[in-house]
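One structure is given here, and the rest of the page talks about it.
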Amino acid sequence: MTDPHVAMFPGSFDPPTLGHINIIERSLRLYDKLYVVVADNIAKKCLFTADERVDVLKDIFHDSRNIEIVAYNGLMVNFAKENNVGVMIRGVRAVGDFGYEFELAMTNKQMMNDLEVLFMPTDPNYFMLRSSQIKEMAAFGADVSSLVPRQVVELLRKKTDLK
Ligand code: ADP
């Protein structure tokens, strides 16, 4: 049996934005425990390593008790099964996100019937915000400090300095 008080929020988080942080903070108020699961998927080319993405999220949420931030290489339903997770949270920004998220939810439900997928609409401040846009802006030296946590600004700076 899965635990309906335990939720997971999976994603690439490449890098985490204030949109992700907002969904995490709201989920933390709803569930006893929240796993933030960083997809460690070699098929998807990411700017940051899974360790970098996990570490920056751990730094951002170092004060929260009921959160666990982990990297996972595999199907998210398998993570849910292994950890008795009852709820998968997905953020939706606009109607455009919904078609993709709905199909994904159908697939996940087929693979794991006792996992509930719940959609959380974004905060209106963040409905235009996506990680790919942050990477593009940072690559051209634009200021992203109002769109991501300060820890991510530092991480982006380190990455772009290395190039
Ligand atoms: P994925 O590769 O799984 O799409 P992302 O890191 O892009 O991973 O997103 C993870 C989750 O966060 C998804 O449910 C996505 O819809 C949600 N999300 C991303 N950006 C925002 C935002 N600005 N507001 C709300 N939810 C968001």
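Identifiers in this document derive from the order of the structure tokens: chains are assigned A, B, ..., residues are numbered from 1 separately in each chain, and ligands are numbered from 1 in order of occurrence.
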
**Request:** Would you please extract all strand (DSSP E) residues from chain A, as assigned by DSSP on the backbone, and give them as a PyMOL selection string?
**Result:** chain A and resi 3-11+33-39+67-72+85-92+116-121

Residue selection dump (N, CA, C and O atoms) as a CSV table (one decimal), in the first residue's frame:
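Done, and the output landed in out37.csv:
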chain,number,residue,atom,x,y,z
A,3,ASP,N,1.5,5.3,0.6
A,3,ASP,CA,1.1,6.3,1.7
A,3,ASP,C,0.6,7.6,1.1
A,3,ASP,O,1.4,8.3,0.5
A,4,PRO,N,-0.7,7.9,1.3
A,4,PRO,CA,-1.2,9.1,0.7
A,4,PRO,C,-0.7,10.4,1.4
A,4,PRO,O,-0.9,11.5,0.9
A,5,HIS,N,0.1,10.3,2.5
A,5,HIS,CA,0.7,11.5,3.1
A,5,HIS,C,2.1,11.7,2.6
A,5,HIS,O,2.7,12.7,3.0
A,6,VAL,N,2.6,10.8,1.7
A,6,VAL,CA,3.9,11.0,1.2
A,6,VAL,C,3.8,11.3,-0.3
A,6,VAL,O,3.2,10.6,-1.1
A,7,ALA,N,4.4,12.5,-0.7
A,7,ALA,CA,4.4,12.9,-2.1
A,7,ALA,C,5.7,13.0,-2.7
A,7,ALA,O,6.8,13.1,-2.0
A,8,MET,N,5.7,13.0,-4.0
A,8,MET,CA,7.0,13.3,-4.8
A,8,MET,C,6.8,14.3,-5.8
A,8,MET,O,5.7,14.5,-6.4
A,9,PHE,N,7.8,15.1,-6.1
A,9,PHE,CA,7.8,16.1,-7.1
A,9,PHE,C,9.0,15.8,-8.0
A,9,PHE,O,10.1,16.2,-7.7
A,10,PRO,N,8.8,15.1,-9.1
A,10,PRO,CA,9.9,14.8,-10.0
A,10,PRO,C,10.1,15.8,-11.1
A,10,PRO,O,9.2,16.5,-11.5
A,11,GLY,N,11.4,15.9,-11.6
A,11,GLY,CA,11.6,16.8,-12.7
A,11,GLY,C,13.1,16.9,-13.0
A,11,GLY,O,13.9,16.2,-12.3
A,33,LYS,N,5.6,14.3,4.1
A,33,LYS,CA,6.9,14.1,3.5
A,33,LYS,C,6.9,14.4,2.0
A,33,LYS,O,6.0,13.9,1.4
A,34,LEU,N,7.9,15.1,1.6
A,34,LEU,CA,8.0,15.3,0.1
A,34,LEU,C,9.4,14.9,-0.4
A,34,LEU,O,10.4,15.4,0.1
A,35,TYR,N,9.3,14.1,-1.4
A,35,TYR,CA,10.6,13.7,-2.1
A,35,TYR,C,10.7,14.6,-3.3
A,35,TYR,O,9.7,14.6,-4.1
A,36,VAL,N,11.8,15.4,-3.5
A,36,VAL,CA,12.0,16.1,-4.7
A,36,VAL,C,13.0,15.2,-5.5
A,36,VAL,O,14.1,14.9,-5.0
A,37,VAL,N,12.5,14.6,-6.6
A,37,VAL,CA,13.3,13.6,-7.3
A,37,VAL,C,13.9,14.2,-8.6
A,37,VAL,O,13.2,14.6,-9.5
A,38,VAL,N,15.2,14.3,-8.6
A,38,VAL,CA,15.9,14.9,-9.7
A,38,VAL,C,16.2,13.8,-10.7
A,38,VAL,O,16.9,12.8,-10.4
A,39,ALA,N,15.7,13.9,-11.9
A,39,ALA,CA,15.9,12.9,-12.9
A,39,ALA,C,17.3,12.9,-13.4
A,39,ALA,O,17.8,13.9,-13.9
A,67,ILE,N,11.5,17.3,3.9
A,67,ILE,CA,11.8,17.2,2.5
A,67,ILE,C,13.0,16.3,2.3
A,67,ILE,O,13.9,16.3,3.2
A,68,GLU,N,13.0,15.5,1.3
A,68,GLU,CA,14.2,14.7,0.9
A,68,GLU,C,14.5,14.9,-0.6
A,68,GLU,O,13.6,14.8,-1.4
A,69,ILE,N,15.7,15.3,-0.9
A,69,ILE,CA,16.1,15.6,-2.3
A,69,ILE,C,17.0,14.5,-2.7
A,69,ILE,O,18.1,14.4,-2.2
A,70,VAL,N,16.7,13.8,-3.8
A,70,VAL,CA,17.5,12.7,-4.3
A,70,VAL,C,17.5,12.7,-5.8
A,70,VAL,O,16.6,13.2,-6.5
A,71,ALA,N,18.6,12.1,-6.3
A,71,ALA,CA,18.7,11.9,-7.7
A,71,ALA,C,18.2,10.5,-8.0
A,71,ALA,O,18.3,9.6,-7.1
A,72,TYR,N,17.6,10.3,-9.2
A,72,TYR,CA,17.0,8.9,-9.5
A,72,TYR,C,17.2,8.7,-11.0
A,72,TYR,O,16.8,9.5,-11.8
A,85,VAL,N,5.4,6.0,-2.1
A,85,VAL,CA,4.9,7.3,-2.4
A,85,VAL,C,3.4,7.2,-2.9
A,85,VAL,O,3.2,6.4,-3.8
A,86,GLY,N,2.5,8.0,-2.3
A,86,GLY,CA,1.1,7.9,-2.7
A,86,GLY,C,0.7,8.9,-3.7
A,86,GLY,O,-0.3,8.8,-4.4
A,87,VAL,N,1.5,10.1,-3.8
A,87,VAL,CA,1.0,11.2,-4.7
A,87,VAL,C,2.2,11.7,-5.5
A,87,VAL,O,3.3,12.0,-4.9
A,88,MET,N,2.0,11.9,-6.8
A,88,MET,CA,3.0,12.6,-7.6
A,88,MET,C,2.4,14.0,-8.0
A,88,MET,O,1.3,14.1,-8.5
A,89,ILE,N,3.2,15.0,-7.6
A,89,ILE,CA,2.8,16.4,-7.9
A,89,ILE,C,3.5,16.8,-9.2
A,89,ILE,O,4.7,16.6,-9.4
A,90,ARG,N,2.7,17.4,-10.1
A,90,ARG,CA,3.3,18.0,-11.3
A,90,ARG,C,2.7,19.5,-11.4
A,90,ARG,O,1.6,19.7,-11.2
A,91,GLY,N,3.6,20.4,-11.7
A,91,GLY,CA,3.2,21.8,-11.9
A,91,GLY,C,2.7,22.0,-13.3
A,91,GLY,O,3.3,21.4,-14.2
A,92,VAL,N,1.7,22.8,-13.4
A,92,VAL,CA,1.3,23.2,-14.8
A,92,VAL,C,1.3,24.7,-14.9
A,92,VAL,O,0.7,25.4,-14.0
A,116,GLU,N,-1.5,8.5,-7.1
A,116,GLU,CA,-2.3,9.6,-7.6
A,116,GLU,C,-1.5,10.7,-8.2
A,116,GLU,O,-0.5,11.1,-7.5
A,117,VAL,N,-1.8,11.1,-9.4
A,117,VAL,CA,-1.0,12.3,-10.0
A,117,VAL,C,-1.9,13.5,-9.8
A,117,VAL,O,-3.1,13.5,-10.2
A,118,LEU,N,-1.3,14.5,-9.1
A,118,LEU,CA,-2.1,15.8,-8.9
A,118,LEU,C,-1.4,16.9,-9.6
A,118,LEU,O,-0.1,17.1,-9.5
A,119,PHE,N,-2.2,17.8,-10.3
A,119,PHE,CA,-1.6,18.9,-11.0
A,119,PHE,C,-1.8,20.2,-10.1
A,119,PHE,O,-2.9,20.4,-9.6
A,120,MET,N,-0.7,20.9,-9.9
A,120,MET,CA,-0.8,22.1,-9.2
A,120,MET,C,-0.5,23.3,-10.1
A,120,MET,O,0.6,23.4,-10.7
A,121,PRO,N,-1.5,24.2,-10.2
A,121,PRO,CA,-1.3,25.3,-11.1
A,121,PRO,C,-0.3,26.3,-10.6
A,121,PRO,O,-0.2,26.5,-9.4

**Contacts with ligand 1 at most 7 Å, only C-alpha atoms and all ligand atoms counted, listed as a ChimeraX atom specification** = /A:9-14,16-20,23,89-93,97,121-123,126-131

**Asked** Given the choices A:Ile24, A:Val56, A:Met112, A:Leu47, which gets closest to Met76 of chain A if the distance is worked out from only C-alpha atoms?
**Response**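 Going through A:Ile24, A:Val56, A:Met112, A:Leu47 one by one, the smallest distance to Met76 of chain A is for A:Met112.
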
**Request:** Just the helix (DSSP H, G or I) stuff from chain A, please, per backbone DSSP, written as number ranges by chain.
**Result:** A: 18-30, 50-60, 76-82, 95-111, 124-126, 131-139, 150-162

**Request:** Please measure the separation of atom CA of Leu28 of chain A and atom CA of Ala105 of chain A, giving the value in Å to one decimal.
**Result:** 21.2 Å

**Request:** Point out the residue among A:Asn22, A:Met1, A:Val54, A:Ile42 with the least atom-to-atom distance to Gly74 of chain A, counting only C-alpha atoms.
**Result:** A:Ile42

**Item:** For Asp32 of chain A, the nearest of the candidates A:Glu136, A:Asn125, A:Ser64, A:Leu155, counting only C-alpha atoms
**Value:**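 Among the listed residues, A:Ser64 lies closest to Asp32 of chain A.
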
**Message:** I want to know what sits within 10 Å of Leu75 of chain A, based on only C-alpha atoms, with residues of the same chain fewer than 3 positions away left out; could you give that as a ChimeraX atom specification?
**Reply:** /A:39,41,72,78-80,108,111

**Asked** In terms of the shortest atom-to-atom distance over only C-alpha atoms, which of A:Leu30, A:Ala50, A:Ala139, A:Ala43 is closest to Asn66 of chain A?
**Response**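 Distance minimum relative to Asn66 of chain A lands on A:Leu30.
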
**Prompt:** Do you have the atom CA of Leu104 of chain A-atom CA of Asp51 of chain A distance handy?
**Reply:** 25.4 Å

**Message:** I need the residue nearest Leu156 of chain A from this list: A:Ala94, A:Leu115, A:Met137, A:Met106. Use only C-alpha atoms for the distance.
**Reply:**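 Result for the nearest residue to Leu156 of chain A: A:Met137.
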